[in-house]
$ cat query.cif   # mmCIF, C-alpha atoms
data_start
loop_
_atom_site.group_PDB
_atom_site.id
_atom_site.type_symbol
_atom_site.label_atom_id
_atom_site.label_comp_id
_atom_site.auth_asym_id
_atom_site.auth_seq_id
_atom_site.Cartn_x
_atom_site.Cartn_y
_atom_site.Cartn_z
ATOM 1 C CA MET N 1224 18.308 220.212 -16.357
ATOM 2 C CA LYS N 1225 17.903 216.465 -16.845
ATOM 3 C CA LYS N 1226 15.843 215.159 -19.735
ATOM 4 C CA THR N 1227 12.695 213.287 -18.841
ATOM 5 C CA TYR N 1228 11.879 210.174 -20.821
ATOM 6 C CA PHE N 1229 8.211 209.408 -21.333
ATOM 7 C CA LEU N 1230 7.004 205.851 -21.496
ATOM 8 C CA ALA N 1231 4.487 205.195 -24.263
ATOM 9 C CA THR N 1232 2.957 201.996 -25.526
ATOM 10 C CA VAL N 1233 3.647 200.948 -29.092
ATOM 11 C CA ILE N 1234 -0.062 200.657 -29.870
ATOM 12 C CA HIS N 1235 -0.430 204.454 -29.664
ATOM 13 C CA PHE N 1236 2.271 204.934 -32.316
ATOM 14 C CA LYS N 1237 0.998 202.938 -35.289
ATOM 15 C CA SER N 1238 1.714 205.490 -38.015
ATOM 16 C CA SER N 1239 5.247 205.946 -39.326
ATOM 17 C CA LEU N 1240 5.024 209.693 -38.600
ATOM 18 C CA MET N 1241 4.170 209.064 -34.931
ATOM 19 C CA LYS N 1242 6.954 206.472 -34.650
ATOM 20 C CA PHE N 1243 9.421 208.939 -36.170
ATOM 21 C CA MET N 1244 8.321 211.650 -33.747
ATOM 22 C CA ALA N 1245 8.724 209.275 -30.789
ATOM 23 C CA ASP N 1246 12.164 208.134 -31.968
ATOM 24 C CA SER N 1247 13.212 211.770 -32.403
ATOM 25 C CA SER N 1248 12.183 212.789 -28.909
ATOM 26 C CA ASN N 1249 12.368 211.477 -25.377
ATOM 27 C CA VAL N 1250 9.659 208.855 -25.803
ATOM 28 C CA VAL N 1251 10.455 205.235 -25.015
ATOM 29 C CA LEU N 1252 8.092 202.996 -26.961
ATOM 30 C CA VAL N 1253 7.280 199.743 -25.185
ATOM 31 C CA ASP N 1254 4.835 196.902 -25.441
ATOM 32 C CA MET N 1255 3.930 196.174 -21.817
ATOM 33 C CA ASN N 1256 1.985 193.080 -22.883
ATOM 34 C CA LYS N 1257 4.849 191.570 -24.865
ATOM 35 C CA ASP N 1258 7.974 191.427 -22.700
ATOM 36 C CA ILE N 1259 7.690 193.134 -19.335
ATOM 37 C CA ALA N 1260 11.218 192.028 -18.347
ATOM 38 C CA GLU N 1261 12.705 193.852 -21.345
ATOM 39 C CA VAL N 1262 10.662 196.965 -20.575
ATOM 40 C CA MET N 1263 11.830 196.940 -16.962
ATOM 41 C CA GLN N 1264 15.462 196.569 -18.091
ATOM 42 C CA ILE N 1265 15.160 199.544 -20.448
ATOM 43 C CA LEU N 1266 13.654 201.700 -17.708
ATOM 44 C CA ALA N 1267 16.202 200.546 -15.122
ATOM 45 C CA LYS N 1268 19.020 201.438 -17.532
ATOM 46 C CA LEU N 1269 17.639 204.974 -17.920
ATOM 47 C CA LEU N 1270 17.325 205.382 -14.157
ATOM 48 C CA LYS N 1271 20.856 204.073 -13.593
ATOM 49 C CA GLU N 1272 22.049 206.701 -16.084
ATOM 50 C CA ASN N 1273 20.465 209.271 -13.746
ATOM 51 C CA LYS N 1274 17.691 210.078 -16.223
ATOM 52 C CA ASN N 1275 14.128 210.919 -15.254
ATOM 53 C CA ILE N 1276 11.300 208.760 -16.540
ATOM 54 C CA ALA N 1277 7.601 209.536 -16.462
ATOM 55 C CA ILE N 1278 5.447 206.482 -15.888
ATOM 56 C CA TYR N 1279 1.677 206.617 -15.862
ATOM 57 C CA PRO N 1280 0.921 203.951 -13.249
ATOM 58 C CA GLU N 1281 -2.630 203.251 -14.416
ATOM 59 C CA GLY N 1282 -1.157 201.817 -17.613
ATOM 60 C CA THR N 1283 -3.632 203.512 -19.938
ATOM 61 C CA ARG N 1284 -5.584 206.705 -20.397
ATOM 62 C CA THR N 1285 -8.706 206.992 -18.285
ATOM 63 C CA ARG N 1286 -11.913 206.043 -20.063
ATOM 64 C CA ASP N 1287 -14.179 207.989 -17.689
ATOM 65 C CA GLY N 1288 -12.001 210.763 -16.234
ATOM 66 C CA LYS N 1289 -11.581 208.975 -12.903
ATOM 67 C CA ILE N 1290 -8.334 207.667 -11.438
ATOM 68 C CA ASP N 1291 -7.971 203.906 -11.880
ATOM 69 C CA LYS N 1292 -6.051 201.237 -9.966
ATOM 70 C CA PHE N 1293 -2.249 201.555 -10.242
ATOM 71 C CA LYS N 1294 -0.034 198.807 -11.598
ATOM 72 C CA LYS N 1295 3.131 197.848 -9.667
ATOM 73 C CA ALA N 1296 5.886 198.297 -12.270
ATOM 74 C CA PHE N 1297 6.847 201.802 -11.112
ATOM 75 C CA ALA N 1298 7.010 200.647 -7.487
ATOM 76 C CA ILE N 1299 9.248 197.695 -8.353
ATOM 77 C CA LEU N 1300 11.647 199.958 -10.248
ATOM 78 C CA ALA N 1301 11.691 202.568 -7.509
ATOM 79 C CA LYS N 1302 12.246 200.020 -4.733
ATOM 80 C CA GLU N 1303 14.855 197.903 -6.520
ATOM 81 C CA LEU N 1304 16.886 200.936 -7.591
ATOM 82 C CA ASN N 1305 16.109 202.976 -4.447
ATOM 83 C CA VAL N 1306 14.813 205.885 -6.515
ATOM 84 C CA ASP N 1307 12.413 208.421 -5.039
ATOM 85 C CA VAL N 1308 8.940 208.614 -6.557
ATOM 86 C CA GLN N 1309 7.809 212.071 -7.699
ATOM 87 C CA PRO N 1310 3.996 211.984 -7.869
ATOM 88 C CA TYR N 1311 2.272 214.539 -10.072
ATOM 89 C CA VAL N 1312 -1.249 215.398 -11.103
ATOM 90 C CA ILE N 1313 -2.287 216.303 -14.635
ATOM 91 C CA SER N 1314 -5.501 218.338 -14.715
ATOM 92 C CA GLY N 1315 -7.567 219.076 -17.806
ATOM 93 C CA ALA N 1316 -6.178 216.364 -20.086
ATOM 94 C CA TYR N 1317 -9.272 214.159 -19.988
ATOM 95 C CA GLU N 1318 -11.585 217.059 -20.743
ATOM 96 C CA LEU N 1319 -9.485 218.174 -23.721
ATOM 97 C CA PHE N 1320 -8.538 214.762 -25.068
ATOM 98 C CA PRO N 1321 -10.791 211.911 -23.914
ATOM 99 C CA ALA N 1322 -9.709 208.418 -24.930
ATOM 100 C CA ASN N 1323 -12.505 208.076 -27.510
ATOM 101 C CA LYS N 1324 -11.405 211.141 -29.531
ATOM 102 C CA LYS N 1325 -8.801 211.253 -32.322
ATOM 103 C CA PHE N 1326 -7.703 214.843 -31.759
ATOM 104 C CA PRO N 1327 -7.473 217.052 -28.683
ATOM 105 C CA ARG N 1328 -9.489 220.228 -28.220
ATOM 106 C CA PRO N 1329 -7.615 223.445 -27.450
ATOM 107 C CA GLY N 1330 -7.470 224.423 -23.811
ATOM 108 C CA LYS N 1331 -5.374 224.476 -20.677
ATOM 109 C CA ILE N 1332 -3.708 221.484 -19.050
ATOM 110 C CA THR N 1333 -1.829 221.875 -15.789
ATOM 111 C CA VAL N 1334 0.772 219.635 -14.196
ATOM 112 C CA GLU N 1335 1.323 219.891 -10.448
ATOM 113 C CA PHE N 1336 4.257 218.130 -8.842
ATOM 114 C CA LEU N 1337 3.608 216.832 -5.347
ATOM 115 C CA ASP N 1338 6.105 216.023 -2.591
ATOM 116 C CA LYS N 1339 8.699 213.384 -3.432
ATOM 117 C CA MET N 1340 8.340 210.066 -1.678
ATOM 118 C CA LYS N 1341 11.249 208.112 -0.249
ATOM 119 C CA VAL N 1342 10.813 204.394 -0.975
ATOM 120 C CA GLU N 1343 13.693 202.943 1.021
ATOM 121 C CA ASN N 1344 11.597 201.500 3.883
ATOM 122 C CA LEU N 1345 8.411 200.763 1.919
ATOM 123 C CA THR N 1346 7.166 197.579 0.252
ATOM 124 C CA TYR N 1347 5.982 197.540 -3.373
ATOM 125 C CA ASP N 1348 2.362 197.605 -2.220
ATOM 126 C CA GLU N 1349 3.023 200.466 0.202
ATOM 127 C CA ILE N 1350 4.638 202.489 -2.595
ATOM 128 C CA VAL N 1351 1.665 201.858 -4.880
ATOM 129 C CA ASN N 1352 -0.917 202.607 -2.184
ATOM 130 C CA LYS N 1353 0.832 205.720 -0.867
ATOM 131 C CA THR N 1354 1.319 207.149 -4.365
ATOM 132 C CA TYR N 1355 -2.295 206.396 -5.297
ATOM 133 C CA THR N 1356 -3.613 207.988 -2.091
ATOM 134 C CA VAL N 1357 -1.505 211.148 -2.449
ATOM 135 C CA ILE N 1358 -2.611 211.657 -6.058
ATOM 136 C CA LYS N 1359 -6.279 210.786 -5.416
ATOM 137 C CA ASN N 1360 -6.429 213.129 -2.407
ATOM 138 C CA LYS N 1361 -4.978 215.966 -4.500
ATOM 139 C CA ILE N 1362 -7.469 215.369 -7.325
ATOM 140 C CA GLU N 1363 -10.398 215.326 -4.922
ATOM 141 C CA SER N 1364 -9.350 218.427 -2.975
#

$ encode --input "query.cif" --output "structure tokens"
Amino acid sequence: MKKTYFLATVIHFKSSLMKFMADSSNVVLVDMNKDIAEVMQILAKLLKENKNIAIYPEGTRTRDGKIDKFKKAFAILAKELNVDVQPYVISGAYELFPANKKFPRPGKITVEFLDKMKVENLTYDEIVNKTYTVIKNKIES
């Protein structure tokens, strides 16, 4: 089974313990506001090495529990490297760990993987819109 690398922003890993934990696991710490080209190169390298990466296309945790507009970075990577997009829905995370809390509450979180999307004949915007629609429709069903 391939490892999945999780993209996380540096701001969420301020303490040395959290940085150590990220460095010791499959977390790629990035500063999306600092050098997007470097971030994209790091992610492209992982994809070219046939690794999985998990990108949260909203760019941040929801503040109100609702799905927000998606950023294009994942679509650019997928299109340029001709990598399928595997949408998934995480349920229960907001209720157990809202953005304004320091610690999560105990409970159940589920992850549901949806059908893979081929990106070969899609534009960046079509990839973003199709992924957003598939995920939003699943959440609302």

$ resolve_selection --input "query.cif" --expression "the PyMOL selection byres ((chain N and resi 1301-1313) around 7)" --output "MDAnalysis selection string"
chainID N and resid 1297:1300 1314:1316 1332:1343 1347 1354 1358

$ residues_around --input "query.cif" --residues "Phe1320 of chain N" --least-positions-apart "6" --cutoff "12 Å" --atoms "only C-alpha atoms" --output "ChimeraX atom specification"
/N:1284-1288,1314,1326-1332

$ resolve_selection --input "query.cif" --expression "the PyMOL selection byres ((chain N and resi 1263-1270) around 10)" --output "compact mmCIF listing (two decimals) with C-alpha atoms, in the coordinates of the input"
# COMPACT_ATOMS: atom_id res chain seq x y z
CA THR N 1227 12.70 213.29 -18.84
CA TYR N 1228 11.88 210.17 -20.82
CA LEU N 1230 7.00 205.85 -21.50
CA VAL N 1251 10.46 205.24 -25.02
CA VAL N 1253 7.28 199.74 -25.18
CA MET N 1255 3.93 196.17 -21.82
CA ASP N 1258 7.97 191.43 -22.70
CA ILE N 1259 7.69 193.13 -19.34
CA ALA N 1260 11.22 192.03 -18.35
CA GLU N 1261 12.70 193.85 -21.34
CA VAL N 1262 10.66 196.96 -20.58
CA LYS N 1271 20.86 204.07 -13.59
CA GLU N 1272 22.05 206.70 -16.08
CA ASN N 1273 20.46 209.27 -13.75
CA LYS N 1274 17.69 210.08 -16.22
CA ASN N 1275 14.13 210.92 -15.25
CA ILE N 1276 11.30 208.76 -16.54
CA ALA N 1277 7.60 209.54 -16.46
CA ILE N 1278 5.45 206.48 -15.89
CA ALA N 1296 5.89 198.30 -12.27
CA PHE N 1297 6.85 201.80 -11.11
CA ILE N 1299 9.25 197.70 -8.35
CA LEU N 1300 11.65 199.96 -10.25
CA ALA N 1301 11.69 202.57 -7.51
CA GLU N 1303 14.86 197.90 -6.52
CA LEU N 1304 16.89 200.94 -7.59
CA VAL N 1306 14.81 205.88 -6.52

$ atom_distance --input "query.cif" --atom1 "atom CA of Tyr1355 of chain N" --atom2 "atom CA of Lys1294 of chain N"
10.1 Å

$ atom_distance --input "query.cif" --atom1 "atom CA of Val1351 of chain N" --atom2 "atom CA of Asn1323 of chain N"
27.4 Å

$ atom_distance --input "query.cif" --atom1 "atom CA of Tyr1317 of chain N" --atom2 "atom CA of Asp1291 of chain N"
13.1 Å

$ residues_near_point --input "query.cif" --point "(-0.9, 201.6, -14.0)" --cutoff "6 Å" --atoms "only C-alpha atoms" --output "list of chain:residue names"
N:Tyr1279, N:Pro1280, N:Glu1281, N:Gly1282, N:Phe1293, N:Lys1294

$ axis_aligned_box --input "query.cif" --around "segment 1328-1340 of chain N" --padding-each-side "5 Å" --output "AutoDock Vina command-line options"
--center_x -0.4 --center_y 217.3 --center_z -14.9 --size_x 28.2 --size_y 24.4 --size_z 36.5

$ decode --input "query.cif" --residues "segment 1289-1333 of chain N" --atoms "N, CA and C atoms" --output "PDB file, in the first residue's frame"
ATOM      1  N   LYS N1289     -19.527  24.643   6.750  1.00  0.00           N
ATOM      2  CA  LYS N1289     -19.987  24.563   5.363  1.00  0.00           C
ATOM      3  C   LYS N1289     -18.792  24.499   4.416  1.00  0.00           C
ATOM      4  N   ILE N1290     -18.997  23.854   3.271  1.00  0.00           N
ATOM      5  CA  ILE N1290     -17.952  23.747   2.265  1.00  0.00           C
ATOM      6  C   ILE N1290     -17.706  25.133   1.645  1.00  0.00           C
ATOM      7  N   ASP N1291     -16.453  25.477   1.474  1.00  0.00           N
ATOM      8  CA  ASP N1291     -16.075  26.781   0.941  1.00  0.00           C
ATOM      9  C   ASP N1291     -15.554  26.619  -0.483  1.00  0.00           C
ATOM     10  N   LYS N1292     -15.315  27.728  -1.139  1.00  0.00           N
ATOM     11  CA  LYS N1292     -14.784  27.737  -2.508  1.00  0.00           C
ATOM     12  C   LYS N1292     -13.431  27.027  -2.553  1.00  0.00           C
ATOM     13  N   PHE N1293     -13.192  26.245  -3.618  1.00  0.00           N
ATOM     14  CA  PHE N1293     -11.935  25.522  -3.773  1.00  0.00           C
ATOM     15  C   PHE N1293     -10.889  26.395  -4.476  1.00  0.00           C
ATOM     16  N   LYS N1294      -9.661  26.234  -4.059  1.00  0.00           N
ATOM     17  CA  LYS N1294      -8.535  26.870  -4.734  1.00  0.00           C
ATOM     18  C   LYS N1294      -8.100  25.950  -5.880  1.00  0.00           C
ATOM     19  N   LYS N1295      -7.294  26.469  -6.808  1.00  0.00           N
ATOM     20  CA  LYS N1295      -6.952  25.737  -8.033  1.00  0.00           C
ATOM     21  C   LYS N1295      -5.698  24.881  -7.963  1.00  0.00           C
ATOM     22  N   ALA N1296      -4.903  24.969  -6.938  1.00  0.00           N
ATOM     23  CA  ALA N1296      -3.596  24.300  -6.917  1.00  0.00           C
ATOM     24  C   ALA N1296      -3.710  22.804  -7.217  1.00  0.00           C
ATOM     25  N   PHE N1297      -4.684  22.126  -6.612  1.00  0.00           N
ATOM     26  CA  PHE N1297      -4.811  20.685  -6.840  1.00  0.00           C
ATOM     27  C   PHE N1297      -5.146  20.385  -8.290  1.00  0.00           C
ATOM     28  N   ALA N1298      -5.945  21.245  -8.914  1.00  0.00           N
ATOM     29  CA  ALA N1298      -6.339  21.038 -10.310  1.00  0.00           C
ATOM     30  C   ALA N1298      -5.147  21.245 -11.241  1.00  0.00           C
ATOM     31  N   ILE N1299      -4.324  22.216 -10.945  1.00  0.00           N
ATOM     32  CA  ILE N1299      -3.128  22.473 -11.760  1.00  0.00           C
ATOM     33  C   ILE N1299      -2.192  21.273 -11.692  1.00  0.00           C
ATOM     34  N   LEU N1300      -1.949  20.782 -10.487  1.00  0.00           N
ATOM     35  CA  LEU N1300      -1.093  19.596 -10.330  1.00  0.00           C
ATOM     36  C   LEU N1300      -1.664  18.394 -11.077  1.00  0.00           C
ATOM     37  N   ALA N1301      -2.930  18.139 -10.881  1.00  0.00           N
ATOM     38  CA  ALA N1301      -3.562  16.981 -11.504  1.00  0.00           C
ATOM     39  C   ALA N1301      -3.489  17.075 -13.023  1.00  0.00           C
ATOM     40  N   LYS N1302      -3.801  18.239 -13.565  1.00  0.00           N
ATOM     41  CA  LYS N1302      -3.815  18.423 -15.020  1.00  0.00           C
ATOM     42  C   LYS N1302      -2.412  18.345 -15.602  1.00  0.00           C
ATOM     43  N   GLU N1303      -1.466  19.049 -15.003  1.00  0.00           N
ATOM     44  CA  GLU N1303      -0.107  19.098 -15.544  1.00  0.00           C
ATOM     45  C   GLU N1303       0.594  17.748 -15.476  1.00  0.00           C
ATOM     46  N   LEU N1304       0.271  16.953 -14.468  1.00  0.00           N
ATOM     47  CA  LEU N1304       0.910  15.646 -14.311  1.00  0.00           C
ATOM     48  C   LEU N1304       0.000  14.504 -14.769  1.00  0.00           C
ATOM     49  N   ASN N1305      -1.194  14.853 -15.259  1.00  0.00           N
ATOM     50  CA  ASN N1305      -2.191  13.879 -15.694  1.00  0.00           C
ATOM     51  C   ASN N1305      -2.428  12.803 -14.632  1.00  0.00           C
ATOM     52  N   VAL N1306      -2.758  13.280 -13.439  1.00  0.00           N
ATOM     53  CA  VAL N1306      -3.019  12.417 -12.289  1.00  0.00           C
ATOM     54  C   VAL N1306      -4.508  12.493 -11.960  1.00  0.00           C
ATOM     55  N   ASP N1307      -5.134  11.348 -11.799  1.00  0.00           N
ATOM     56  CA  ASP N1307      -6.547  11.327 -11.432  1.00  0.00           C
ATOM     57  C   ASP N1307      -6.753  12.024 -10.089  1.00  0.00           C
ATOM     58  N   VAL N1308      -7.927  12.593  -9.915  1.00  0.00           N
ATOM     59  CA  VAL N1308      -8.318  13.203  -8.648  1.00  0.00           C
ATOM     60  C   VAL N1308      -9.238  12.222  -7.934  1.00  0.00           C
ATOM     61  N   GLN N1309      -8.949  11.965  -6.665  1.00  0.00           N
ATOM     62  CA  GLN N1309      -9.749  11.060  -5.840  1.00  0.00           C
ATOM     63  C   GLN N1309     -10.491  11.889  -4.797  1.00  0.00           C
ATOM     64  N   PRO N1310     -11.704  12.360  -5.109  1.00  0.00           N
ATOM     65  CA  PRO N1310     -12.437  13.152  -4.115  1.00  0.00           C
ATOM     66  C   PRO N1310     -12.837  12.290  -2.914  1.00  0.00           C
ATOM     67  N   TYR N1311     -12.903  12.926  -1.760  1.00  0.00           N
ATOM     68  CA  TYR N1311     -13.376  12.230  -0.563  1.00  0.00           C
ATOM     69  C   TYR N1311     -14.065  13.217   0.349  1.00  0.00           C
ATOM     70  N   VAL N1312     -14.922  12.679   1.197  1.00  0.00           N
ATOM     71  CA  VAL N1312     -15.699  13.502   2.119  1.00  0.00           C
ATOM     72  C   VAL N1312     -15.361  13.071   3.537  1.00  0.00           C
ATOM     73  N   ILE N1313     -15.036  14.049   4.366  1.00  0.00           N
ATOM     74  CA  ILE N1313     -14.781  13.802   5.784  1.00  0.00           C
ATOM     75  C   ILE N1313     -16.003  14.305   6.549  1.00  0.00           C
ATOM     76  N   SER N1314     -16.647  13.420   7.273  1.00  0.00           N
ATOM     77  CA  SER N1314     -17.842  13.786   8.043  1.00  0.00           C
ATOM     78  C   SER N1314     -17.546  13.696   9.535  1.00  0.00           C
ATOM     79  N   GLY N1315     -18.007  14.699  10.270  1.00  0.00           N
ATOM     80  CA  GLY N1315     -17.874  14.699  11.721  1.00  0.00           C
ATOM     81  C   GLY N1315     -16.708  15.505  12.248  1.00  0.00           C
ATOM     82  N   ALA N1316     -15.763  15.875  11.404  1.00  0.00           N
ATOM     83  CA  ALA N1316     -14.571  16.583  11.874  1.00  0.00           C
ATOM     84  C   ALA N1316     -14.907  17.968  12.427  1.00  0.00           C
ATOM     85  N   TYR N1317     -15.771  18.688  11.753  1.00  0.00           N
ATOM     86  CA  TYR N1317     -16.116  20.039  12.215  1.00  0.00           C
ATOM     87  C   TYR N1317     -16.803  19.982  13.572  1.00  0.00           C
ATOM     88  N   GLU N1318     -17.707  19.038  13.720  1.00  0.00           N
ATOM     89  CA  GLU N1318     -18.440  18.924  14.988  1.00  0.00           C
ATOM     90  C   GLU N1318     -17.519  18.560  16.153  1.00  0.00           C
ATOM     91  N   LEU N1319     -16.498  17.762  15.893  1.00  0.00           N
ATOM     92  CA  LEU N1319     -15.594  17.325  16.955  1.00  0.00           C
ATOM     93  C   LEU N1319     -14.406  18.258  17.167  1.00  0.00           C
ATOM     94  N   PHE N1320     -14.075  19.027  16.131  1.00  0.00           N
ATOM     95  CA  PHE N1320     -12.898  19.892  16.256  1.00  0.00           C
ATOM     96  C   PHE N1320     -13.071  21.167  15.432  1.00  0.00           C
ATOM     97  N   PRO N1321     -14.001  22.037  15.851  1.00  0.00           N
ATOM     98  CA  PRO N1321     -14.190  23.296  15.124  1.00  0.00           C
ATOM     99  C   PRO N1321     -12.918  24.144  15.176  1.00  0.00           C
ATOM    100  N   ALA N1322     -12.771  25.008  14.210  1.00  0.00           N
ATOM    101  CA  ALA N1322     -11.552  25.811  14.066  1.00  0.00           C
ATOM    102  C   ALA N1322     -11.257  26.681  15.282  1.00  0.00           C
ATOM    103  N   ASN N1323     -12.254  27.054  16.058  1.00  0.00           N
ATOM    104  CA  ASN N1323     -12.024  27.938  17.204  1.00  0.00           C
ATOM    105  C   ASN N1323     -11.673  27.191  18.498  1.00  0.00           C
ATOM    106  N   LYS N1324     -11.507  25.889  18.433  1.00  0.00           N
ATOM    107  CA  LYS N1324     -11.166  25.085  19.615  1.00  0.00           C
ATOM    108  C   LYS N1324      -9.707  24.637  19.565  1.00  0.00           C
ATOM    109  N   LYS N1325      -9.094  24.480  20.746  1.00  0.00           N
ATOM    110  CA  LYS N1325      -7.694  24.038  20.810  1.00  0.00           C
ATOM    111  C   LYS N1325      -7.554  22.525  20.766  1.00  0.00           C
ATOM    112  N   PHE N1326      -8.575  21.817  21.273  1.00  0.00           N
ATOM    113  CA  PHE N1326      -8.498  20.366  21.345  1.00  0.00           C
ATOM    114  C   PHE N1326      -9.788  19.753  20.809  1.00  0.00           C
ATOM    115  N   PRO N1327      -9.670  18.604  20.168  1.00  0.00           N
ATOM    116  CA  PRO N1327     -10.878  17.941  19.656  1.00  0.00           C
ATOM    117  C   PRO N1327     -11.647  17.247  20.769  1.00  0.00           C
ATOM    118  N   ARG N1328     -12.939  17.065  20.544  1.00  0.00           N
ATOM    119  CA  ARG N1328     -13.776  16.261  21.430  1.00  0.00           C
ATOM    120  C   ARG N1328     -13.729  14.830  20.922  1.00  0.00           C
ATOM    121  N   PRO N1329     -13.940  13.857  21.795  1.00  0.00           N
ATOM    122  CA  PRO N1329     -13.991  12.468  21.315  1.00  0.00           C
ATOM    123  C   PRO N1329     -15.255  12.245  20.486  1.00  0.00           C
ATOM    124  N   GLY N1330     -15.161  11.355  19.544  1.00  0.00           N
ATOM    125  CA  GLY N1330     -16.309  11.038  18.708  1.00  0.00           C
ATOM    126  C   GLY N1330     -15.882  10.321  17.446  1.00  0.00           C
ATOM    127  N   LYS N1331     -16.804  10.208  16.522  1.00  0.00           N
ATOM    128  CA  LYS N1331     -16.566   9.438  15.303  1.00  0.00           C
ATOM    129  C   LYS N1331     -16.442  10.376  14.096  1.00  0.00           C
ATOM    130  N   ILE N1332     -15.389  10.147  13.328  1.00  0.00           N
ATOM    131  CA  ILE N1332     -15.183  10.841  12.063  1.00  0.00           C
ATOM    132  C   ILE N1332     -15.133   9.771  10.981  1.00  0.00           C
ATOM    133  N   THR N1333     -15.825  10.013   9.884  1.00  0.00           N
ATOM    134  CA  THR N1333     -15.794   9.053   8.785  1.00  0.00           C
ATOM    135  C   THR N1333     -15.197   9.710   7.543  1.00  0.00           C
TER     136      THR N1333
END
